[in-house]
Structure formats: structure tokens, C-alpha cells
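Student: Provided below: final-v7.cif, containing mmCIF, C-alpha atoms.
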data_input
#
loop_
_atom_site.group_PDB
_atom_site.id
_atom_site.type_symbol
_atom_site.label_atom_id
_atom_site.label_comp_id
_atom_site.auth_asym_id
_atom_site.auth_seq_id
_atom_site.Cartn_x
_atom_site.Cartn_y
_atom_site.Cartn_z
ATOM 1 C CA MET Y 1 0.000 0.000 0.000
ATOM 2 C CA PHE Y 2 2.743 2.445 0.932
ATOM 3 C CA THR Y 3 5.341 1.062 -1.484
ATOM 4 C CA PHE Y 4 5.114 4.263 -3.534
ATOM 5 C CA LEU Y 5 6.724 6.004 -0.580
ATOM 6 C CA TYR Y 6 9.916 3.948 -0.993
ATOM 7 C CA ASN Y 7 10.878 6.194 -3.881
ATOM 8 C CA PRO Y 8 12.294 9.498 -2.511
ATOM 9 C CA ASP Y 9 10.888 11.572 -5.400
ATOM 10 C CA ARG Y 10 7.411 10.159 -4.944
ATOM 11 C CA PHE Y 11 7.699 10.640 -1.201
ATOM 12 C CA MET Y 12 8.666 14.302 -1.684
ATOM 13 C CA ALA Y 13 5.643 14.850 -3.954
ATOM 14 C CA PHE Y 14 3.336 13.146 -1.427
ATOM 15 C CA SER Y 15 4.732 14.844 1.688
ATOM 16 C CA ARG Y 16 4.600 18.286 0.059
ATOM 17 C CA TRP Y 17 0.815 18.385 0.437
ATOM 18 C CA ALA Y 18 0.389 15.779 3.197
ATOM 19 C CA ALA Y 19 2.571 17.525 5.812
ATOM 20 C CA PRO Y 20 0.617 20.848 5.844
ATOM 21 C CA LEU Y 21 -2.683 18.948 5.617
ATOM 22 C CA PHE Y 22 -1.867 16.808 8.678
ATOM 23 C CA GLY Y 23 -0.648 19.916 10.503
ATOM 24 C CA ALA Y 24 -3.870 21.822 9.760
ATOM 25 C CA ILE Y 25 -6.020 18.868 10.861
ATOM 26 C CA ALA Y 26 -3.981 18.598 14.076
ATOM 27 C CA ALA Y 27 -4.353 22.334 14.819
ATOM 28 C CA VAL Y 28 -8.150 22.266 14.293
ATOM 29 C CA LEU Y 29 -8.572 19.108 16.389
ATOM 30 C CA ALA Y 30 -6.341 20.497 19.171
ATOM 31 C CA ALA Y 31 -8.467 23.679 19.291
ATOM 32 C CA ILE Y 32 -11.690 21.628 19.500
ATOM 33 C CA GLY Y 33 -10.202 19.196 22.017
ATOM 34 C CA LEU Y 34 -8.928 21.966 24.298
ATOM 35 C CA TRP Y 35 -12.267 23.785 24.103
ATOM 36 C CA LEU Y 36 -14.138 20.639 25.157
ATOM 37 C CA ASP Y 37 -11.467 19.963 27.797
ATOM 38 C CA PHE Y 38 -11.951 23.320 29.505
ATOM 39 C CA ALA Y 39 -15.742 23.195 29.026
ATOM 40 C CA ALA Y 40 -15.880 19.934 31.014
ATOM 41 C CA PRO Y 41 -16.495 20.265 34.770
ATOM 42 C CA PRO Y 42 -13.731 19.362 37.238
ATOM 43 C CA ASP Y 43 -13.399 15.691 38.136
ATOM 44 C CA TYR Y 44 -15.087 14.659 41.399
ATOM 45 C CA GLN Y 45 -11.846 13.114 42.690
ATOM 46 C CA GLN Y 46 -8.997 14.877 40.907
ATOM 47 C CA GLY Y 47 -10.583 18.312 40.606
ATOM 48 C CA TYR Y 48 -9.061 20.641 38.020
ATOM 49 C CA THR Y 49 -5.906 18.534 37.647
ATOM 50 C CA ILE Y 50 -7.957 16.464 35.190
ATOM 51 C CA HIS Y 51 -6.978 19.109 32.576
ATOM 52 C CA VAL Y 52 -3.433 17.721 32.647
ATOM 53 C CA MET Y 53 -4.730 14.340 31.461
ATOM 54 C CA PHE Y 54 -5.618 15.773 28.019
ATOM 55 C CA ILE Y 55 -2.013 16.746 27.318
ATOM 56 C CA HIS Y 56 -0.182 14.099 29.367
ATOM 57 C CA VAL Y 57 -1.822 10.849 28.199
ATOM 58 C CA PRO Y 58 -1.631 11.629 24.430
ATOM 59 C CA ALA Y 59 2.063 12.531 24.889
ATOM 60 C CA SER Y 60 2.663 9.224 26.721
ATOM 61 C CA MET Y 61 0.830 7.212 24.047
ATOM 62 C CA LEU Y 62 2.667 8.981 21.243
ATOM 63 C CA SER Y 63 6.042 8.467 22.937
ATOM 64 C CA LEU Y 64 5.446 4.711 22.534
ATOM 65 C CA PHE Y 65 3.901 4.980 19.060
ATOM 66 C CA VAL Y 66 6.803 7.079 17.757
ATOM 67 C CA TYR Y 67 9.298 4.554 19.104
ATOM 68 C CA ALA Y 68 7.376 1.763 17.333
ATOM 69 C CA CYS Y 69 7.576 3.793 14.097
ATOM 70 C CA LEU Y 70 11.298 4.357 14.675
ATOM 71 C CA ALA Y 71 11.817 0.622 15.234
ATOM 72 C CA VAL Y 72 9.857 -0.424 12.127
ATOM 73 C CA ALA Y 73 11.737 2.118 9.999
ATOM 74 C CA SER Y 74 15.042 0.907 11.492
ATOM 75 C CA PHE Y 75 14.128 -2.706 10.690
ATOM 76 C CA LEU Y 76 13.242 -1.802 7.078
ATOM 77 C CA GLY Y 77 16.471 0.146 6.744
ATOM 78 C CA LEU Y 78 18.624 -2.576 8.289
ATOM 79 C CA VAL Y 79 17.111 -5.611 6.574
ATOM 80 C CA PHE Y 80 15.657 -4.346 3.274
ATOM 81 C CA ARG Y 81 17.968 -1.331 2.764
ATOM 82 C CA GLN Y 82 15.015 0.921 1.949
ATOM 83 C CA PRO Y 83 16.505 4.341 1.097
ATOM 84 C CA LEU Y 84 13.872 6.313 2.978
ATOM 85 C CA ALA Y 85 13.557 4.011 5.980
ATOM 86 C CA ASP Y 86 16.770 5.152 7.667
ATOM 87 C CA ALA Y 87 15.848 8.787 7.008
ATOM 88 C CA ALA Y 88 12.443 8.133 8.599
ATOM 89 C CA ALA Y 89 14.030 6.511 11.655
ATOM 90 C CA ARG Y 90 16.469 9.377 12.119
ATOM 91 C CA ALA Y 91 13.663 11.934 11.699
ATOM 92 C CA ALA Y 92 11.453 10.251 14.304
ATOM 93 C CA ALA Y 93 13.977 10.245 17.164
ATOM 94 C CA PRO Y 94 13.896 13.958 18.183
ATOM 95 C CA LEU Y 95 10.094 13.986 17.955
ATOM 96 C CA GLY Y 96 9.871 10.916 20.171
ATOM 97 C CA ALA Y 97 12.339 12.389 22.641
ATOM 98 C CA GLY Y 98 10.316 15.618 22.834
ATOM 99 C CA LEU Y 99 7.047 13.753 23.422
ATOM 100 C CA THR Y 100 8.611 11.469 26.048
ATOM 101 C CA LEU Y 101 10.063 14.458 27.879
ATOM 102 C CA LEU Y 102 6.628 16.081 27.720
ATOM 103 C CA ALA Y 103 5.005 12.933 29.125
ATOM 104 C CA LEU Y 104 7.474 12.832 32.025
ATOM 105 C CA VAL Y 105 7.256 16.532 32.900
ATOM 106 C CA THR Y 106 3.462 16.840 32.623
ATOM 107 C CA GLY Y 107 3.121 13.559 34.520
ATOM 108 C CA SER Y 108 5.284 14.965 37.284
ATOM 109 C CA LEU Y 109 3.138 18.130 37.401
ATOM 110 C CA TRP Y 110 0.038 15.922 37.676
ATOM 111 C CA GLY Y 111 1.635 13.579 40.187
ATOM 112 C CA LYS Y 112 2.667 16.204 42.736
ATOM 113 C CA PRO Y 113 -0.869 17.320 43.715
ATOM 114 C CA MET Y 114 -2.356 13.797 43.346
ATOM 115 C CA TRP Y 115 0.404 11.606 44.836
ATOM 116 C CA GLY Y 116 2.239 14.179 46.945
ATOM 117 C CA THR Y 117 5.517 13.652 45.109
ATOM 118 C CA TRP Y 118 7.114 14.860 41.870
ATOM 119 C CA TRP Y 119 8.766 11.528 41.133
ATOM 120 C CA VAL Y 120 8.799 7.965 42.362
ATOM 121 C CA TRP Y 121 10.876 5.073 41.018
ATOM 122 C CA ASP Y 122 7.888 2.916 40.132
ATOM 123 C CA ALA Y 123 7.848 0.670 37.066
ATOM 124 C CA ARG Y 124 5.811 2.937 34.751
ATOM 125 C CA LEU Y 125 7.774 6.109 35.442
ATOM 126 C CA THR Y 126 11.135 4.354 35.371
ATOM 127 C CA SER Y 127 10.414 2.491 32.105
ATOM 128 C CA GLU Y 128 9.223 5.765 30.528
ATOM 129 C CA LEU Y 129 12.501 7.364 31.632
ATOM 130 C CA VAL Y 130 14.378 4.421 30.066
ATOM 131 C CA LEU Y 131 12.430 5.141 26.846
ATOM 132 C CA LEU Y 132 13.721 8.722 26.909
ATOM 133 C CA LEU Y 133 17.261 7.383 27.420
ATOM 134 C CA PHE Y 134 16.838 5.118 24.358
ATOM 135 C CA TYR Y 135 15.813 8.134 22.276
ATOM 136 C CA LEU Y 136 18.725 10.206 23.576
ATOM 137 C CA GLY Y 137 21.125 7.286 23.101
ATOM 138 C CA TYR Y 138 19.910 6.862 19.510
ATOM 139 C CA MET Y 139 20.538 10.541 18.745
ATOM 140 C CA ALA Y 140 23.902 10.538 20.511
ATOM 141 C CA LEU Y 141 25.045 7.445 18.589
ATOM 142 C CA ARG Y 142 24.008 9.091 15.302
ATOM 143 C CA ALA Y 143 26.028 12.164 16.150
ATOM 144 C CA ALA Y 144 29.045 10.150 17.320
ATOM 145 C CA ILE Y 145 29.663 8.136 14.109
ATOM 146 C CA ASP Y 146 30.768 10.039 11.004
ATOM 147 C CA ASP Y 147 30.255 7.180 8.548
ATOM 148 C CA GLU Y 148 26.532 7.401 7.694
ATOM 149 C CA ALA Y 149 26.150 3.725 6.768
ATOM 150 C CA ARG Y 150 27.828 2.533 9.967
ATOM 151 C CA ALA Y 151 25.808 5.009 12.046
ATOM 152 C CA ALA Y 152 22.575 3.807 10.444
ATOM 153 C CA ARG Y 153 23.410 0.160 11.170
ATOM 154 C CA ALA Y 154 24.459 0.773 14.777
ATOM 155 C CA CYS Y 155 21.432 2.974 15.474
ATOM 156 C CA ALA Y 156 19.036 0.463 13.889
ATOM 157 C CA ILE Y 157 20.379 -2.273 16.193
ATOM 158 C CA LEU Y 158 20.036 0.025 19.215
ATOM 159 C CA ALA Y 159 16.469 0.927 18.165
ATOM 160 C CA LEU Y 160 15.511 -2.746 17.832
ATOM 161 C CA VAL Y 161 16.996 -3.561 21.256
ATOM 162 C CA GLY Y 162 14.884 -0.768 22.718
ATOM 163 C CA VAL Y 163 11.672 -2.424 21.487
ATOM 164 C CA VAL Y 164 11.960 -4.712 24.539
ATOM 165 C CA ASN Y 165 11.127 -1.691 26.683
ATOM 166 C CA LEU Y 166 7.778 -0.950 24.944
ATOM 167 C CA PRO Y 167 5.717 -3.799 26.490
ATOM 168 C CA ILE Y 168 7.382 -3.045 29.829
ATOM 169 C CA VAL Y 169 6.091 0.553 29.669
ATOM 170 C CA VAL Y 170 2.606 -0.550 28.578
ATOM 171 C CA PHE Y 171 2.110 -3.468 30.992
ATOM 172 C CA SER Y 172 4.193 -2.212 33.928
ATOM 173 C CA VAL Y 173 1.018 -1.073 35.709
ATOM 174 C CA ASP Y 174 -0.369 -4.628 35.443
ATOM 175 C CA TRP Y 175 2.821 -6.583 36.168
ATOM 176 C CA TRP Y 176 3.875 -4.622 39.254
ATOM 177 C CA ASN Y 177 2.260 -2.627 42.038
ATOM 178 C CA THR Y 178 2.760 0.933 40.909
ATOM 179 C CA LEU Y 179 1.797 4.325 42.231
ATOM 180 C CA HIS Y 180 0.847 5.150 38.652
ATOM 181 C CA GLN Y 181 -2.751 4.201 37.932
ATOM 182 C CA GLY Y 182 -3.642 1.419 35.516
ATOM 183 C CA SER Y 183 -5.256 1.853 32.121
ATOM 184 C CA THR Y 184 -8.440 3.927 32.391
ATOM 185 C CA LEU Y 185 -9.897 4.261 28.902
ATOM 186 C CA PHE Y 186 -9.035 0.717 27.804
ATOM 187 C CA ALA Y 187 -9.589 -0.959 31.171
ATOM 188 C CA PRO Y 188 -10.776 -4.601 30.991
ATOM 189 C CA GLY Y 189 -14.122 -3.821 32.687
ATOM 190 C CA GLY Y 190 -14.877 -0.877 30.366
ATOM 191 C CA SER Y 191 -13.726 2.729 30.358
ATOM 192 C CA GLY Y 192 -13.248 4.199 33.827
ATOM 193 C CA LEU Y 193 -13.318 7.683 32.370
ATOM 194 C CA ALA Y 194 -16.418 9.835 32.873
ATOM 195 C CA PRO Y 195 -18.300 10.112 29.527
ATOM 196 C CA VAL Y 196 -17.880 13.902 29.464
ATOM 197 C CA TYR Y 197 -14.076 13.509 29.217
ATOM 198 C CA VAL Y 198 -14.023 10.841 26.488
ATOM 199 C CA PRO Y 199 -14.603 13.048 23.352
ATOM 200 C CA PRO Y 200 -11.925 15.671 24.176
ATOM 201 C CA PHE Y 201 -9.543 12.914 25.236
ATOM 202 C CA LEU Y 202 -9.927 11.004 21.939
ATOM 203 C CA ILE Y 203 -9.785 14.238 19.911
ATOM 204 C CA MET Y 204 -6.523 15.236 21.626
ATOM 205 C CA ILE Y 205 -5.002 11.824 20.876
ATOM 206 C CA VAL Y 206 -5.844 12.235 17.162
ATOM 207 C CA ALA Y 207 -4.540 15.836 17.266
ATOM 208 C CA TYR Y 208 -1.195 14.637 18.685
ATOM 209 C CA LEU Y 209 -1.102 11.906 16.020
ATOM 210 C CA GLY Y 210 -1.717 14.496 13.287
ATOM 211 C CA ALA Y 211 0.986 16.776 14.687
ATOM 212 C CA PHE Y 212 3.455 13.919 14.779
ATOM 213 C CA GLY Y 213 2.518 12.835 11.236
ATOM 214 C CA SER Y 214 3.041 16.361 9.931
ATOM 215 C CA LEU Y 215 6.334 16.969 11.743
ATOM 216 C CA TRP Y 216 7.666 13.528 10.842
ATOM 217 C CA LEU Y 217 7.061 14.195 7.142
ATOM 218 C CA VAL Y 218 8.727 17.620 7.406
ATOM 219 C CA ARG Y 219 11.782 16.111 9.130
ATOM 220 C CA ILE Y 220 12.057 13.254 6.604
ATOM 221 C CA ARG Y 221 11.958 15.857 3.823
ATOM 222 C CA ALA Y 222 14.773 17.737 5.575
ATOM 223 C CA GLU Y 223 16.754 14.500 5.833
ATOM 224 C CA VAL Y 224 16.263 13.743 2.114
ATOM 225 C CA TRP Y 225 17.483 17.241 1.249
ATOM 226 C CA ARG Y 226 20.452 16.891 3.609
ATOM 227 C CA ARG Y 227 21.502 13.691 1.852
ATOM 228 C CA ARG Y 228 21.078 15.306 -1.570
ATOM 229 C CA ALA Y 229 23.213 18.228 -0.389
ATOM 230 C CA ASN Y 230 25.930 15.791 0.719
ATOM 231 C CA VAL Y 231 25.866 14.013 -2.667
ATOM 232 C CA LEU Y 232 26.110 17.357 -4.481
ATOM 233 C CA ALA Y 233 28.979 18.458 -2.228
ATOM 234 C CA ILE Y 234 30.913 15.254 -3.033
ATOM 235 C CA ARG Y 235 30.256 15.682 -6.767
ATOM 236 C CA ALA Y 236 31.441 19.285 -6.611
ATOM 237 C CA ALA Y 237 34.622 18.265 -4.785
ATOM 238 C CA ARG Y 238 35.642 15.807 -7.537
ATOM 239 C CA MET R 1 -18.784 28.113 30.153
ATOM 240 C CA LEU R 2 -15.072 27.402 30.324
ATOM 241 C CA TYR R 3 -13.414 26.260 33.554
ATOM 242 C CA LEU R 4 -10.185 28.219 33.107
ATOM 243 C CA ASP R 5 -9.551 28.813 36.803
ATOM 244 C CA ALA R 6 -7.817 25.727 38.181
ATOM 245 C CA GLY R 7 -8.097 26.980 41.763
ATOM 246 C CA LYS R 8 -5.470 25.576 44.130
ATOM 247 C CA TYR R 9 -4.119 23.410 41.296
ATOM 248 C CA THR R 10 -3.156 26.406 39.118
ATOM 249 C CA PRO R 11 0.601 26.025 39.884
ATOM 250 C CA TYR R 12 0.440 22.527 38.373
ATOM 251 C CA VAL R 13 -2.104 22.778 35.543
ATOM 252 C CA TRP R 14 -0.922 25.913 33.752
ATOM 253 C CA PRO R 15 2.816 25.105 33.846
ATOM 254 C CA ALA R 16 1.936 21.718 32.285
ATOM 255 C CA TYR R 17 0.192 23.532 29.426
ATOM 256 C CA ALA R 18 2.997 26.103 29.144
ATOM 257 C CA ILE R 19 5.631 23.352 28.847
ATOM 258 C CA THR R 20 3.512 21.531 26.251
ATOM 259 C CA VAL R 21 3.284 24.717 24.172
ATOM 260 C CA LEU R 22 7.051 25.296 24.518
ATOM 261 C CA VAL R 23 7.933 21.755 23.435
ATOM 262 C CA PHE R 24 5.603 21.910 20.418
ATOM 263 C CA VAL R 25 6.901 25.356 19.428
ATOM 264 C CA TRP R 26 10.433 23.957 19.603
ATOM 265 C CA LEU R 27 9.556 20.824 17.612
ATOM 266 C CA ILE R 28 7.695 22.805 14.933
ATOM 267 C CA GLY R 29 10.338 25.554 14.703
ATOM 268 C CA ASP R 30 13.269 23.138 14.603
ATOM 269 C CA SER R 31 11.593 20.905 11.985
ATOM 270 C CA LEU R 32 10.669 23.792 9.680
ATOM 271 C CA MET R 33 14.041 25.546 10.007
ATOM 272 C CA ARG R 34 15.899 22.288 9.347
ATOM 273 C CA ALA R 35 13.830 21.588 6.216
ATOM 274 C CA ARG R 36 14.230 25.141 4.944
ATOM 275 C CA ARG R 37 17.963 25.164 5.575
ATOM 276 C CA TRP R 38 18.667 21.930 3.648
ATOM 277 C CA ARG R 39 16.282 22.782 0.822
ATOM 278 C CA ARG R 40 18.112 26.100 0.290
ATOM 279 C CA ASP R 41 21.447 24.302 0.514
ATOM 280 C CA VAL R 42 20.407 21.858 -2.226
ATOM 281 C CA GLU R 43 19.063 24.683 -4.410
ATOM 282 C CA LYS R 44 22.295 26.647 -4.025
ATOM 283 C CA ARG R 45 24.461 23.640 -4.829
ATOM 284 C CA GLU R 46 22.336 22.766 -7.889
ATOM 285 C CA GLN R 47 22.619 26.357 -9.066
ATOM 286 C CA ASP R 48 26.402 26.319 -8.569
ATOM 287 C CA ALA R 49 26.675 23.006 -10.423
ATOM 288 C CA ALA R 50 24.656 24.385 -13.365
ATOM 289 C CA GLU R 51 26.890 27.483 -13.747
#
Please render this file's structure as C-alpha cells.
Tutor:
Amino acid sequence: MFTFLYNPDRFMAFSRWAAPLFGAIAAVLAAIGLWLDFAAPPDYQQGYTIHVMFIHVPASMLSLFVYACLAVASFLGLVFRQPLADAAARAAAPLGAGLTLLALVTGSLWGKPMWGTWWVWDARLTSELVLLLFYLGYMALRAAIDDEARAARACAILALVGVVNLPIVVFSVDWWNTLHQGSTLFAPGGSGLAPVYVPPFLIMIVAYLGAFGSLWLVRIRAEVWRRRANVLAIRAAR
Amino acid sequence: MLYLDAGKYTPYVWPAYAITVLVFVWLIGDSLMRARRWRRDVEKREQDAAE
């Protein structure tokens, strides 16, 4: 289905209109989601801190989703040598790092009034921090190796090793006793979220997805141009 | 009616939103500037190569 994207020229033609479209959709959905968020009454238990949920949970979900995208792109680059796959993996890392940092910081700001502490070394928080370290390690490894092919291979292996951490983040609240609450929206006995919060919550998740989609395409385009610039520089030097 | 006053939780709610805005502004700005910079670089090199 997406094989047409393997060709850099076709990808550039597609992303030229898709990136601004995704960005516009994300902006509209974020405006609607935030409006509904602040129109909803405070939660009977958590009071006004419920507002943090609409920016914290989508960031947490996306931090995992972006890493999955990074891992799939790394796999395609490592095994099938797809020309755009490595560019896509490299482009995803800073976005994932930003979203993971956001998840940790907003979670801390939500945790202080609810738990009485900014941070606790429980399984969910610690595994999310490990996820941030994987992102930072990926970017550091990229920057440390001058040979692009070697850097791509080493980073792809690191990205695939980091996949082990994804189920730990997701299921940590089930496998261990954590201060962090378990899944609310997708809880086994049905959603534990009050119906009034469900629409803005889902809209914000789609808005974050749209923002990521748009920014990912923009960063892959930048990466394609960077590689073209390097090829042109080598040709000019001959 | 919008519940914009977070009461005693204001020191936690609004900084969370402020940090979210900052991170997105950084991600958007960095992505766009990076794309613009390399696109201009390619255009300049192609122009130089053609001359």
C-alpha cells in the first residue's frame, strides 16, 4: 500500500501536500479538544488537575507509538535497505524524545498534587525514563559516528533492542504494584473515564497523532534534502 | 462556560500547558528551520553546479 513512498521523489511529492494537511487537521482538532477539555467540569476526585490528562496521556501514548515507528523504519532500513527508511528513523527520534520528555514533565506536574511527590521510582515512570534514554542514546550514537552507513546500522540495532522496553512501559502497571494508575480508557471492565471527558480525550489523541505525522514528514523531507546536499557536495569536490 | 480557573491546582495545571506549548513550538520551529535550511542548501548547490 505504501510502497510508492519507498521512492524518494514520490515521497517528496506526497509529503509536500500531506505535511501541511496533517498539521492543519492537528491544529483544528487540538483547538476543538482543548475547548471541550476546559468546558468539562472538574473531576469529582482529581478536581481541576484532570486538565493535565488531556495533554499528558496523548504525549505518553505517542512516545510509545513514535518509538514503534522508529523501530519499524530501522528494521526496514537494516534488513531491506530501503533508502527512505533510515531517514524516517532518524527523523522520528527527536520527535519521540520531545514527546517522552513532555510525558514525564506533565506527569510529574500531575503527580505532585495527586500523589504528593514529583517523582517515584515505580515501574511505569522508570520504564518511561528508560524510553527517553533510548531516544537520547539513539541521537547521541548518530552524532558520534561520522560514517553514515555505519551510524545507520548501529542505530538500527540500538532501536531494535529498545523495542523490549515498549511492552514493559505498557504493561508495567499490570505486572507490578505501581503508584501510577492502571489503564483507564481501555480498562478490561470498560472505560473508567467519565463520559464527558471521552470526546476531548480522543480528539486530543488524534490531534497529537496528526501533529506527529506532519512533523515527521517535514523532518524526513529535511533529511532527504540533507543527503542530496551531501551528494552534491561530493560531486562538486571531484 | 469554560473552567479556566484551576483553583489551588493552578501552579500545576498551567505550567503543564505552558511546557507543552514550549515543546511543540520547539519541535515545529526546529523541523521547519531544518527543512528550509537543507532545501536552500540543495538549491544553491544545484545552481552552482549548473553554472
Student: Between chain Y and chain R, at 7 Å or less, what are the per-residue closest atom pairs and their distances in Å? Count all atoms listed in the file, order by chain and rising residue number, and return it as a tab-separated table.
Tutor:
residue	atom	partner	partner_atom	distance
Y:Phe38	CA	R:Leu2	CA	5.2
Y:Ala39	CA	R:Leu2	CA	4.5
Y:Pro41	CA	R:Tyr3	CA	6.8
Y:Tyr48	CA	R:Ala6	CA	5.2
Y:Thr49	CA	R:Val13	CA	6.1
Y:His51	CA	R:Val13	CA	6.8
Y:Val52	CA	R:Val13	CA	6.0
Y:Leu95	CA	R:Leu27	CA	6.9
Y:Gly98	CA	R:Val23	CA	6.6
Y:Leu102	CA	R:Thr20	CA	6.4
Y:Thr106	CA	R:Ala16	CA	5.1
Y:Leu109	CA	R:Tyr12	CA	5.2
Y:Trp110	CA	R:Tyr12	CA	6.7
Y:Leu215	CA	R:Ser31	CA	6.6
Y:Val218	CA	R:Ser31	CA	6.3
Y:Arg219	CA	R:Ser31	CA	5.6
Y:Arg221	CA	R:Ala35	CA	6.5
Y:Ala222	CA	R:Ala35	CA	4.0
Y:Trp225	CA	R:Trp38	CA	5.4
Y:Arg226	CA	R:Trp38	CA	5.3
Y:Arg228	CA	R:Val42	CA	6.6
Y:Ala229	CA	R:Val42	CA	4.9
Y:Leu232	CA	R:Arg45	CA	6.5
Student: For the file shown, report as a PyMOL selection string the outcome of the PyMOL selection byres ((chain Y and resi 121) around 12) at residue level.
Tutor: chain Y and resi 108+117-120+122-130+177-180
Student: I need the residues from that last selection saved to file as a PDB file, in the coordinates of the input (with C-alpha atoms), if you can.
Tutor:
ATOM      1  CA  SER Y 108       5.284  14.965  37.284  1.00  0.00           C
ATOM      2  CA  THR Y 117       5.517  13.652  45.109  1.00  0.00           C
ATOM      3  CA  TRP Y 118       7.114  14.860  41.870  1.00  0.00           C
ATOM      4  CA  TRP Y 119       8.766  11.528  41.133  1.00  0.00           C
ATOM      5  CA  VAL Y 120       8.799   7.965  42.362  1.00  0.00           C
ATOM      6  CA  ASP Y 122       7.888   2.916  40.132  1.00  0.00           C
ATOM      7  CA  ALA Y 123       7.848   0.670  37.066  1.00  0.00           C
ATOM      8  CA  ARG Y 124       5.811   2.937  34.751  1.00  0.00           C
ATOM      9  CA  LEU Y 125       7.774   6.109  35.442  1.00  0.00           C
ATOM     10  CA  THR Y 126      11.135   4.354  35.371  1.00  0.00           C
ATOM     11  CA  SER Y 127      10.414   2.491  32.105  1.00  0.00           C
ATOM     12  CA  GLU Y 128       9.223   5.765  30.528  1.00  0.00           C
ATOM     13  CA  LEU Y 129      12.501   7.364  31.632  1.00  0.00           C
ATOM     14  CA  VAL Y 130      14.378   4.421  30.066  1.00  0.00           C
ATOM     15  CA  ASN Y 177       2.260  -2.627  42.038  1.00  0.00           C
ATOM     16  CA  THR Y 178       2.760   0.933  40.909  1.00  0.00           C
ATOM     17  CA  LEU Y 179       1.797   4.325  42.231  1.00  0.00           C
ATOM     18  CA  HIS Y 180       0.847   5.150  38.652  1.00  0.00           C
TER      19      HIS Y 180
END
Student: Output, as JSON, the centre and edge lengths in Å (one decimal) of the axis-aligned box that contains all listed atoms of range 20-37 of chain R with 8 Å of margin on each side.
Tutor:
{"center_x": 10.6, "center_y": 23.2, "center_z": 15.6, "size_x": 30.7, "size_y": 20.7, "size_z": 37.3}
Student: On this file, the PyMOL selection byres ((chain Y and resi 152) around 9) gives some set of residues; write that set as a ChimeraX atom specification.
Tutor: /Y:74,77-78,86,90,142,147-151,153-157
Student: Show me the residues around (-0.9, 11.7, 28.0) - criterion: an atom at most 10 Å away, all atoms listed in the file counted - as a PyMOL selection string.
Tutor: chain Y and resi 52-63+99-100+102-104+106-107+201+204-205+208
Student: I'd like to see the residues matched by the PyMOL selection byres ((chain Y and resi 4-17) around 8) on this file, and ideally I'd get them as a list in words.
Tutor: Met1, Phe2, Thr3, Ala18, Ala19, Pro20, Leu21, Gln82, Pro83, Leu84, Ala85, Leu217, Val218, Arg221 and Val224 of chain Y
Student: Write a file of the just-selected residues containing C-alpha atoms, as an mmCIF file, in the coordinates of the input.
Tutor:
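And here's again_36.cif as it stands now:
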data_model
loop_
_atom_site.group_PDB
_atom_site.id
_atom_site.type_symbol
_atom_site.label_atom_id
_atom_site.label_comp_id
_atom_site.auth_asym_id
_atom_site.auth_seq_id
_atom_site.Cartn_x
_atom_site.Cartn_y
_atom_site.Cartn_z
ATOM 1 C CA MET Y 1 0.000 0.000 0.000
ATOM 2 C CA PHE Y 2 2.743 2.445 0.932
ATOM 3 C CA THR Y 3 5.341 1.062 -1.484
ATOM 4 C CA ALA Y 18 0.389 15.779 3.197
ATOM 5 C CA ALA Y 19 2.571 17.525 5.812
ATOM 6 C CA PRO Y 20 0.617 20.848 5.844
ATOM 7 C CA LEU Y 21 -2.683 18.948 5.617
ATOM 8 C CA GLN Y 82 15.015 0.921 1.949
ATOM 9 C CA PRO Y 83 16.505 4.341 1.097
ATOM 10 C CA LEU Y 84 13.872 6.313 2.978
ATOM 11 C CA ALA Y 85 13.557 4.011 5.980
ATOM 12 C CA LEU Y 217 7.061 14.195 7.142
ATOM 13 C CA VAL Y 218 8.727 17.620 7.406
ATOM 14 C CA ARG Y 221 11.958 15.857 3.823
ATOM 15 C CA VAL Y 224 16.263 13.743 2.114
#
Student: Tell me, in Å to one decimal, how far CA of Tyr67 in chain Y is from CA of Trp115 in chain Y.
Tutor: 28.1 Å
Student: Residues within 12 Å of Tyr44 in chain Y, please, as a VMD selection string. Count only C-alpha atoms; anything in the same chain fewer than 5 positions from it doesn't count.
Tutor: chain Y and resid 49 to 50 193 to 194
Student: Work out how far CA of Gly137 in chain Y is from CA of Ala97 in chain Y, in Å to one decimal.
Tutor: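 These atoms are spaced 10.2 Å apart.
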Student: Give me, please, the distance in Å between CA of Gly162 in chain Y and CA of Ala87 in chain Y, quoted to one decimal.
Tutor: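 Calculated distance between CA of Gly162 in chain Y and CA of Ala87 in chain Y is 18.4 Å.
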